[in-house]
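Trainee: Questions regarding the structure given below will be posed in turn.
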Amino acid sequence: MRRLLLQLLAGIVFSSLSGGCAGTPERSDVRDYLEETTGTSITYVTAPAVFVNKQPGLASSGRDYVYLAPLLISSGGERSCWLWLGIWSTVDRQARDEGASPLRLGALQIVADNEPMDLDLQSVDLLPVGVRRIPYATPVPPTQELLVQVTRSQLQRLGRARVLTLTDRQLGGASRVWRSDEHAVAVLRHLADEIGAARSDPGTGR
């Protein structure tokens with residue numbers, strides 16, 4: 001039953017991605033909320049970008065996903081920019097093979113118009129100061145959740161790109177490519193536009 005549910009979910013997600021490629025991608029609105037206990041303001045988008053790596057060798061409709069979305073955290077007059085990544089799959093690797101390792105990302109780059117940007121990943125268990133929860137989720141429980149701190153200029157660079165892809169490499173393994181559609185760029189552009197009036201990156205002066 002769980003495997004059937006994952007396969008059905010894969011079809012729904014793939015159909016929505018295919019529809020987005022054929023027309024105008026759905027707008028991901030920018031919203032914010034206040035962490036009342038810490039006084040921290042979190043600005044986020046309502047729909048994350050979706051990156052896909054097909055896995056036909058594991059299942060006919062097998063797909064691994066990386067959901068990626070930006071965060072702007074404001075506290076005490078300081079701002080910091082982050083990317084959240086949620087990793088999940090339509091393939092239950094442990095159900096197929098009890099000894100299989102769950103889906104994990106290796107050393108990761110985001111490639112904007114053929115220009116790679118290395119990402120320094122950290123576990124979502126280590127939340128930024130003042131943040132008690134992340135306003136993003138995956139359709140099924142993720143196999144991994146990560147955060148990456150970026151500068152405002154990096155976020156704007158990603159938002160200006162025409163094509164975004166992710167590449168990761170497991171230790172001693174081959175590279176994997178995760179592909180997106182134009183909606184991925186729109187997601188990052190919306191928040192980059194929101195912070196475009198900021199004068200400098202926190203702690204960098206850029």
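Residue numbering restarts at 1 for every chain of the structure tokens, chains are lettered A, B, ... in their displayed order, and ligands are numbered from 1 as they appear.
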Would you kindly return, as number ranges by chain, each protein, DNA or RNA residue with an atom no farther than 7 Å from any atom of region 163-175 of chain A, considering only C-alpha atoms and excluding same-chain residues fewer than 3 positions away?
Mentor: A: 105-113, 178-180, 182, 185
Trainee: Limited to C-alpha atoms, could you put the picked residues into a file as a PDB file, in the first residue's frame?
Mentor:
ATOM      1  CA  LEU A 105      22.757  14.064  -0.771  1.00  0.00           C
ATOM      2  CA  GLY A 106      26.513  14.144  -1.200  1.00  0.00           C
ATOM      3  CA  ALA A 107      28.697  17.167  -1.944  1.00  0.00           C
ATOM      4  CA  LEU A 108      26.239  19.534  -3.620  1.00  0.00           C
ATOM      5  CA  GLN A 109      26.408  22.274  -6.228  1.00  0.00           C
ATOM      6  CA  ILE A 110      23.638  24.403  -7.654  1.00  0.00           C
ATOM      7  CA  VAL A 111      24.361  25.269 -11.269  1.00  0.00           C
ATOM      8  CA  ALA A 112      22.953  28.561 -12.550  1.00  0.00           C
ATOM      9  CA  ASP A 113      23.264  28.894 -16.341  1.00  0.00           C
ATOM     10  CA  TRP A 178      18.656  16.945 -10.467  1.00  0.00           C
ATOM     11  CA  ARG A 179      16.655  18.875 -13.064  1.00  0.00           C
ATOM     12  CA  SER A 180      13.978  21.529 -12.617  1.00  0.00           C
ATOM     13  CA  GLU A 182      11.319  27.424 -14.999  1.00  0.00           C
ATOM     14  CA  VAL A 185      13.973  30.137 -10.959  1.00  0.00           C
TER      15      VAL A 185
END
Trainee: From a DSSP pass on the backbone, collect the residues of region 43-206 of chain A flagged as strand (DSSP E or B) and hand them back as a PyMOL selection string.
Mentor: chain A and resi 43-45+49-54+63-75+78-89+107-112+115-119+122-123+144-150+164-169+175-179
Trainee: Would you pick out the contacts of Val150 (chain A) at 12 Å or less, using only C-alpha atoms, so that residues sharing its chain but fewer than 4 positions from it are not included, and give the list as an NGL selection string?
Mentor: :A and (70-73 or 79-84 or 110 or 117-121 or 154-158 or 192 or 201-204 or 206)
Trainee: In Å, with one decimal, what is the gap from CA of Tyr33 (chain A) to CA of Leu146 (chain A)?
Mentor: 20.8 Å
Trainee: Given only C-alpha atoms as the basis, pick out the residue of A:Val131, A:Ile87, A:Val177, A:Leu34 nearest to Leu68 (chain A).
Mentor: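 Nearest to Leu68 (chain A): A:Ile87.
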Trainee: Give me, as a PyMOL selection string, the residues of region 47-149 of chain A that a backbone DSSP run labels alpha helix (DSSP H).
Mentor: chain A and resi 93-96
Trainee: What is the distance between CA of Thr40 (chain A) and CA of Pro135 (chain A), in Å to one decimal?
Mentor: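 Computed distance, CA of Thr40 (chain A) to CA of Pro135 (chain A), equals 13.5 Å.
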